[in-house]
Amino acid sequence: MRLFFQLLIAGLSLGGVYALLSFSFSLIVSTTRILNIAHGVFFVWGAGVIAILSLHLKLPPLIALPILLLFFTGFGLLFYWGIVQVLLKKEPHHLLSGSVLATFGLALAMESALGTGWTSFIDPQPIFLLPVNLAPLELGGMDISSNRLIVLLLAGLFILGFHLLLKKTFFGRGARAMAQSMEGFLIIGLNPQRVAMLIIIVAILATILSGMLYILVIPIDAYAGLPLTLKAITIVVLAGVGSLPGTLAAGVLLGLAEVSASYFLGAIWSPVIGFSILFLVLLVRPTGLFGRVTI
Amino acid sequence: MKENRILLLSVCGVLVILAVLPHFLSSSMLMVFFLSFLWLVLAANYDILGGFLGYIHLAQGAFFGIGAYTATLLLNSPMIQTTGPFGLSLVSLIAIILSGLFAGIIAFPLFRLKGLYFAVTTLVLVFLLEALVVNLPDLTSGSYGAFVPRQYCKSTFTGYYLALLLAIISVGINYYLSHSERGLAFITIREDEEAAASIGLNVSRQKTIAYVLSSLPSAAAGIVFALNSGFIDPQIALGVERSLLPPLMAMLGGSGLVLGPVLGMIIIRAIDVVSFHYLHLPIPSMFFFGVVLMLVALFIPEGLLSSPWVRRASGALALKLRLRTEDAL
């Protein structure tokens with residue numbers, strides 16, 4: 001029973017982080033049709049930059065967090081102008097292959113820049129972790145990691161914020177309109193470029209926040225970005241593009257599967273679980289991401 | 001006809017030069033050429049799928065790794081070692097056949113996917129294979145890597161000719177495809193799969209053939225690599241770089257053209273060798289390749305050989321030497 005609860009909490013908090021990562025990924029895919037292979041690398045960069053800011057520059061969280069958000073807003077603008085805008089000008093057929101290859105290139109460049117920069121200037125081990133050691137919570141005779149609970153809580157809050165942003169604000173309605181029908185969106189008279197830019201920035205900020213939450217509990221390797229993108233793809237394919245409840249459910253499912261796999265089979269098998277699920281899901285559902293859009 | 005003769009003569013000239021070259025090269029340059037030929041094999045094989053069939057395949061390195069690992073592990077088994085001199089040929093044959101079988105079997109589920117999903121799933125395949133090799137140390141000796149027994153190792157001199165032979169075969173396959181009905185079938189599938197099926201092409205059969213065809217020389221390249229280096233580990237044999245550079249080379253040169261992967265390989269390898277082996281630039285090579293891939297995908301997705309400015313610059317000659325299937329037919 002005790003084991004069950006600990007695995008449940010661990011799986012849920014991991015799943016919440018995955019859901020946040022995947023939902024921002026699916027927001028970009030559903031609105032701009034760009035499959036961002038570099039998404040997981042953004043996540044790792046978020047983790048790396050916050051680790052530099054708070055561990056090595058010793059900034060308090062209230063200063064480090066705004067710097068982090070500002071840095072990645074600028075980064076999002078660059079990403080939008082440099083890559084997204086160029087891709088969106090291409091024909092649909094070239095947009096797909098171009099987006100995969102261009103963002104794959106970006107992913108490798110960013111990944112090796114972070115890895116090499118970290119190993120040559122900061123630490124020979126390119127691994128990020130924010131060691132916040134809180135006393136474990138005692139609940140009915142069980143020790144439950146407070147870190148994981150906080151991650152679970154924050155991930156839930158961020159996802160709720162995301163939901164409200166999409167459902168209640170003008171920007172969110174524009175984004176949903178864009179995902180549902182580009183023609184309809186253009187008829188309303190919204191500026192697609194501006195909405196796309198905002199979507200990219202919001203999605204990137206959500207991703208780096210999920211990266212920050214992740215390293216509160218689990219250390220992350222500078223080269224873990226591409227496998228994380230594949231996890232996001234797994235979840236989005238399972239859930240359907242743009243569906244927030246579906247993404248949440250699929251994220252939690254993957255989180256639980258990975259946590260139980262690493263407990264029962266050993267930690268080395270947990271990445272294999274994710275890859276195998278994606279492999280099987282794509283084989284069962286070959287139309288994948290663009291099958292239906294519900295946002 | 002005149003252009004064809006010029007082309008034939010220049011190809012013969014290049015081959016003669018490459019055949020006598022090892023006698024004049026330093027051992028490090030010999031190594032550079034050897035590895036370049038192996039990269040060319042992967043890039044040309046990738047282009048069967050990426051260029052002719054129109055499927056972005058991010059797992060070309062998987063065949064390389066399967067070939068290298070199967071050969072290395074079999075050569076380590078005592079049963080093979082008792083068979084004497086035939087052991088090596090037998091093992092190579094088994095490794096190549098196994099890789100072809102793998103390709104033939106995995107082609108059925110893989111080719112139900114289209115476009116992006118195909119690309120992503122092949123990327124997953126590479127990660128999955130690497131994770132399996134690392135996680136099954138009893139079989140593969142895991143992340144420590146495996147050694148090829150000394151008596152089977154080949155010198156770089158021998159390796160050069162084996163790799164050159166494989167490169168000629170691979171480019172030859174692409175040349176054959178660009179001048180044959182089989183290649184035309186692949187291109188039809190690339191342009192419109194439903195139309196291809198409607199004119200009576202057995203689409204899934206053609207795709208499986210293309211996949212197996214692209215796996216065989218790549219697996220052989222893996223075997224040659226393992227025999228020369230004497231040691232392989234998951235990163236060397238199955239790393240992302242093995243699967244990423246072939247598409248990059250083909251796209252940079254010009255995907256779907258016979259000379260595209262050749263040109264792309266020469267450019268990428270030249271930059272790689274000069275900047276990282278001689279100048280020792282302080283940036284990681286993956287950073288560099290990532291940036292190049294991004295720029296190529298964004299600005300010259302059709303490749304150098306068919307990009308408008310190269311065509312304009314070199315005028316009629318480039319057009320005539322492009323070796324396009326469309327031209328030949």
# chains A, B, ... in the order shown; residues from 1 in each chain; ligands from 1

$ closest_atom_pairs --of "chain B" --to "chain A" --cutoff "7 Å" --atoms "only C-alpha atoms" --output "JSON lines"
{"residue": "B:Pro109", "atom": "CA", "partner": "A:Leu283", "partner_atom": "CA", "distance": 6.0}
{"residue": "B:Arg112", "atom": "CA", "partner": "A:Pro286", "partner_atom": "CA", "distance": 6.3}
{"residue": "B:Leu113", "atom": "CA", "partner": "A:Pro286", "partner_atom": "CA", "distance": 5.1}
{"residue": "B:Leu116", "atom": "CA", "partner": "A:Leu96", "partner_atom": "CA", "distance": 6.7}
{"residue": "B:Tyr117", "atom": "CA", "partner": "A:Gly288", "partner_atom": "CA", "distance": 6.9}
{"residue": "B:Thr121", "atom": "CA", "partner": "A:Phe279", "partner_atom": "CA", "distance": 6.5}
{"residue": "B:Val124", "atom": "CA", "partner": "A:Phe275", "partner_atom": "CA", "distance": 6.2}
{"residue": "B:Leu128", "atom": "CA", "partner": "A:Val272", "partner_atom": "CA", "distance": 6.3}
{"residue": "B:Ala131", "atom": "CA", "partner": "A:Val272", "partner_atom": "CA", "distance": 6.6}
{"residue": "B:Asn135", "atom": "CA", "partner": "A:Ile268", "partner_atom": "CA", "distance": 6.7}
{"residue": "B:Pro284", "atom": "CA", "partner": "A:Ser112", "partner_atom": "CA", "distance": 6.6}
{"residue": "B:Met286", "atom": "CA", "partner": "A:Leu108", "partner_atom": "CA", "distance": 6.3}
{"residue": "B:Phe287", "atom": "CA", "partner": "A:Ala109", "partner_atom": "CA", "distance": 3.9}
{"residue": "B:Phe288", "atom": "CA", "partner": "A:Ala109", "partner_atom": "CA", "distance": 6.7}
{"residue": "B:Gly290", "atom": "CA", "partner": "A:Gly105", "partner_atom": "CA", "distance": 3.8}
{"residue": "B:Val291", "atom": "CA", "partner": "A:Gly105", "partner_atom": "CA", "distance": 5.8}
{"residue": "B:Leu293", "atom": "CA", "partner": "A:Gly105", "partner_atom": "CA", "distance": 5.0}
{"residue": "B:Met294", "atom": "CA", "partner": "A:Ala102", "partner_atom": "CA", "distance": 4.0}
{"residue": "B:Ala297", "atom": "CA", "partner": "A:Ala102", "partner_atom": "CA", "distance": 5.2}
{"residue": "B:Leu298", "atom": "CA", "partner": "A:Ala102", "partner_atom": "CA", "distance": 6.3}

$ residues_around --residues "B:Phe276" --least-positions-apart "5" --cutoff "8 Å" --atoms "only C-alpha atoms" --output "PyMOL selection string"
chain B and resi 271+281+285

$ atom_distance --atom1 "atom CA of A:Val44" --atom2 "atom CA of A:Leu137"
28.5 Å

$ residues_around --residues "B:Ala107" --least-positions-apart "2" --cutoff "9 Å" --atoms "only C-alpha atoms" --output "count of residues only"
13

$ select_by_dssp --residues "stretch 43-196 of chain B" --states "helix (DSSP H, G or I)" --output "JSON, numbers by chain"
{"B": [43, 44, 45, 46, 47, 48, 49, 50, 51, 52, 53, 60, 61, 62, 63, 64, 65, 66, 67, 68, 69, 70, 71, 72, 73, 74, 75, 78, 79, 80, 81, 86, 87, 88, 89, 90, 91, 92, 93, 94, 95, 96, 97, 98, 99, 100, 101, 102, 103, 104, 105, 106, 107, 108, 109, 110, 115, 116, 117, 118, 119, 120, 121, 122, 123, 124, 125, 126, 127, 128, 129, 130, 131, 132, 133, 134, 135, 137, 138, 139, 140, 142, 143, 144, 150, 151, 152, 156, 157, 158, 159, 160, 161, 162, 163, 164, 165, 166, 167, 168, 169, 170, 171, 172, 173, 174, 175, 176, 177, 178, 181, 182, 183, 184, 185, 186, 187, 188, 189, 190, 191, 193, 194, 195, 196]}

$ residues_around --residues "stretch 144-153 of chain A" --least-positions-apart "5" --cutoff "12 Å" --atoms "only C-alpha atoms" --output "compact mmCIF listing (two decimals) with C-alpha atoms, in the first residue's frame"
# COMPACT_ATOMS: atom_id res chain seq x y z
CA ARG A 2 2.77 2.32 1.02
CA LEU A 3 4.72 1.47 -2.11
CA PHE A 4 1.61 1.99 -4.18
CA PHE A 5 1.11 5.51 -2.85
CA GLN A 6 4.72 6.45 -3.33
CA LEU A 7 4.72 5.21 -6.90
CA LEU A 8 1.40 6.97 -7.47
CA ILE A 9 2.70 10.32 -6.23
CA ALA A 10 5.91 9.94 -8.23
CA GLY A 11 4.01 8.91 -11.35
CA LEU A 12 1.47 11.70 -11.01
CA SER A 13 4.06 14.43 -10.54
CA LEU A 14 6.14 13.13 -13.45
CA GLY A 15 2.95 12.84 -15.51
CA GLY A 16 1.97 16.42 -14.70
CA VAL A 17 5.32 17.66 -15.95
CA TYR A 18 5.00 15.53 -19.08
CA ALA A 19 1.48 16.84 -19.68
CA LEU A 20 2.68 20.43 -19.53
CA LEU A 130 17.87 22.06 -8.21
CA PRO A 131 18.46 20.54 -4.81
CA VAL A 132 15.56 21.78 -2.72
CA ASN A 133 15.49 19.46 0.24
CA LEU A 134 12.24 19.65 2.10
CA ALA A 135 11.41 17.32 4.93
CA PRO A 136 9.21 14.45 3.75
CA LEU A 137 5.58 14.73 4.68
CA GLU A 138 4.18 12.19 7.13
CA LEU A 139 0.76 11.04 6.12
CA PHE A 158 0.26 25.69 -14.58
CA ILE A 159 -2.03 23.35 -16.49
CA LEU A 160 -5.07 25.09 -15.01
CA LEU A 209 8.62 25.97 -16.61
CA SER A 210 8.01 22.24 -16.89
CA GLY A 211 11.77 21.78 -17.24
CA MET A 212 12.27 23.74 -14.03
CA LEU A 213 9.71 21.59 -12.20
CA TYR A 214 11.35 18.42 -13.49
CA ILE A 215 14.76 19.16 -11.99
CA LEU A 216 13.22 19.82 -8.59
CA VAL A 217 12.87 16.03 -8.32
CA ILE A 218 14.85 14.33 -11.05
CA VAL A 252 -0.08 10.71 -16.29
CA GLY A 255 4.50 8.98 -15.98

$ residues_around --residues "B:Phe34" --least-positions-apart "2" --cutoff "7 Å" --atoms "only C-alpha atoms" --output "PyMOL selection string"
chain B and resi 30-32+36-38+159-160+163

$ atom_distance --atom1 "atom CA of B:Ile96" --atom2 "atom CA of B:Val148"
16.9 Å

$ residues_around --residues "A:Asp123" --least-positions-apart "2" --cutoff "12 Å" --atoms "only C-alpha atoms" --output "count of residues only"
18

$ atom_distance --atom1 "atom CA of B:Val16" --atom2 "atom CA of B:Leu227"
25.3 Å

$ residues_around --residues "stretch 87-91 of chain B" --least-positions-apart "5" --cutoff "7 Å" --atoms "only C-alpha atoms" --output "list of chain:residue names"
B:Ala71, B:Leu74, B:Leu75, B:Ile80, B:Gln81

$ closest_residue --among "B:Gly239, B:Gly145, B:Gly303, B:Gly222" --to "B:Val262" --atoms "only C-alpha atoms"
B:Gly303

$ decode --residues "stretch 196-237 of chain A" --atoms "N, CA and C atoms" --output "tab-separated table (two decimals), in the first residue's frame"
chain	number	residue	atom	x	y	z
A	196	ALA	N	0.38	33.59	-33.98
A	196	ALA	CA	1.36	32.50	-34.02
A	196	ALA	C	2.56	32.84	-33.14
A	197	MET	N	2.99	34.11	-33.18
A	197	MET	CA	4.13	34.51	-32.36
A	197	MET	C	3.82	34.34	-30.88
A	198	LEU	N	2.63	34.79	-30.48
A	198	LEU	CA	2.25	34.65	-29.07
A	198	LEU	C	2.16	33.19	-28.67
A	199	ILE	N	1.60	32.37	-29.57
A	199	ILE	CA	1.48	30.94	-29.26
A	199	ILE	C	2.86	30.34	-29.02
A	200	ILE	N	3.80	30.67	-29.91
A	200	ILE	CA	5.15	30.12	-29.78
A	200	ILE	C	5.74	30.53	-28.44
A	201	ILE	N	5.59	31.82	-28.08
A	201	ILE	CA	6.20	32.27	-26.83
A	201	ILE	C	5.55	31.60	-25.62
A	202	VAL	N	4.21	31.56	-25.62
A	202	VAL	CA	3.52	30.92	-24.49
A	202	VAL	C	3.94	29.46	-24.37
A	203	ALA	N	4.01	28.76	-25.52
A	203	ALA	CA	4.36	27.34	-25.49
A	203	ALA	C	5.79	27.14	-24.98
A	204	ILE	N	6.70	28.03	-25.41
A	204	ILE	CA	8.08	27.87	-24.95
A	204	ILE	C	8.18	28.15	-23.46
A	205	LEU	N	7.47	29.17	-22.98
A	205	LEU	CA	7.52	29.46	-21.55
A	205	LEU	C	6.96	28.29	-20.74
A	206	ALA	N	5.86	27.70	-21.22
A	206	ALA	CA	5.30	26.54	-20.50
A	206	ALA	C	6.31	25.40	-20.47
A	207	THR	N	7.03	25.23	-21.58
A	207	THR	CA	8.01	24.14	-21.65
A	207	THR	C	9.14	24.34	-20.66
A	208	ILE	N	9.68	25.57	-20.61
A	208	ILE	CA	10.82	25.75	-19.71
A	208	ILE	C	10.36	25.70	-18.25
A	209	LEU	N	9.11	26.11	-17.98
A	209	LEU	CA	8.62	25.97	-16.61
A	209	LEU	C	8.52	24.49	-16.25
A	210	SER	N	8.07	23.67	-17.20
A	210	SER	CA	8.01	22.24	-16.89
A	210	SER	C	9.41	21.68	-16.70
A	211	GLY	N	10.38	22.21	-17.45
A	211	GLY	CA	11.77	21.78	-17.24
A	211	GLY	C	12.25	22.13	-15.85
A	212	MET	N	11.87	23.33	-15.38
A	212	MET	CA	12.27	23.74	-14.03
A	212	MET	C	11.66	22.81	-12.99
A	213	LEU	N	10.37	22.48	-13.16
A	213	LEU	CA	9.71	21.59	-12.20
A	213	LEU	C	10.39	20.22	-12.18
A	214	TYR	N	10.75	19.75	-13.37
A	214	TYR	CA	11.35	18.42	-13.49
A	214	TYR	C	12.60	18.30	-12.63
A	215	ILE	N	13.50	19.31	-12.72
A	215	ILE	CA	14.76	19.16	-11.99
A	215	ILE	C	14.61	19.44	-10.50
A	216	LEU	N	13.41	19.79	-10.05
A	216	LEU	CA	13.22	19.82	-8.59
A	216	LEU	C	13.24	18.41	-8.02
A	217	VAL	N	12.90	17.42	-8.81
A	217	VAL	CA	12.87	16.03	-8.32
A	217	VAL	C	13.87	15.12	-9.01
A	218	ILE	N	14.03	15.29	-10.32
A	218	ILE	CA	14.85	14.33	-11.05
A	218	ILE	C	15.98	15.08	-11.75
A	219	PRO	N	17.23	14.65	-11.59
A	219	PRO	CA	18.31	15.30	-12.32
A	219	PRO	C	18.19	15.01	-13.82
A	220	ILE	N	18.58	15.99	-14.62
A	220	ILE	CA	18.43	15.78	-16.06
A	220	ILE	C	19.78	16.00	-16.75
A	221	ASP	N	19.99	15.21	-17.77
A	221	ASP	CA	21.22	15.20	-18.54
A	221	ASP	C	21.10	16.25	-19.65
A	222	ALA	N	22.20	16.92	-20.01
A	222	ALA	CA	22.14	17.94	-21.06
A	222	ALA	C	21.70	17.34	-22.40
A	223	TYR	N	21.89	16.04	-22.57
A	223	TYR	CA	21.56	15.42	-23.86
A	223	TYR	C	20.24	14.66	-23.84
A	224	ALA	N	19.37	15.00	-22.88
A	224	ALA	CA	18.10	14.26	-22.77
A	224	ALA	C	17.00	14.86	-23.62
A	225	GLY	N	17.32	15.91	-24.40
A	225	GLY	CA	16.27	16.64	-25.10
A	225	GLY	C	15.51	15.85	-26.14
A	226	LEU	N	16.23	15.16	-27.04
A	226	LEU	CA	15.54	14.45	-28.12
A	226	LEU	C	14.62	13.34	-27.59
A	227	PRO	N	15.09	12.51	-26.64
A	227	PRO	CA	14.16	11.53	-26.08
A	227	PRO	C	12.93	12.18	-25.45
A	228	LEU	N	13.10	13.38	-24.85
A	228	LEU	CA	11.94	14.06	-24.27
A	228	LEU	C	10.96	14.50	-25.34
A	229	THR	N	11.48	14.98	-26.47
A	229	THR	CA	10.59	15.33	-27.58
A	229	THR	C	9.78	14.10	-27.99
A	230	LEU	N	10.46	12.96	-28.03
A	230	LEU	CA	9.76	11.74	-28.44
A	230	LEU	C	8.68	11.38	-27.43
A	231	LYS	N	8.96	11.66	-26.14
A	231	LYS	CA	7.91	11.42	-25.13
A	231	LYS	C	6.73	12.32	-25.37
A	232	ALA	N	7.02	13.60	-25.68
A	232	ALA	CA	5.92	14.53	-25.95
A	232	ALA	C	5.11	14.04	-27.14
A	233	ILE	N	5.80	13.55	-28.17
A	233	ILE	CA	5.09	13.05	-29.34
A	233	ILE	C	4.23	11.85	-28.95
A	234	THR	N	4.81	10.95	-28.13
A	234	THR	CA	4.05	9.79	-27.66
A	234	THR	C	2.73	10.22	-27.04
A	235	ILE	N	2.85	11.18	-26.11
A	235	ILE	CA	1.66	11.61	-25.38
A	235	ILE	C	0.65	12.25	-26.31
A	236	VAL	N	1.14	13.10	-27.21
A	236	VAL	CA	0.22	13.82	-28.10
A	236	VAL	C	-0.46	12.85	-29.06
A	237	VAL	N	0.28	11.85	-29.53
A	237	VAL	CA	-0.32	10.88	-30.42
A	237	VAL	C	-1.38	10.06	-29.68
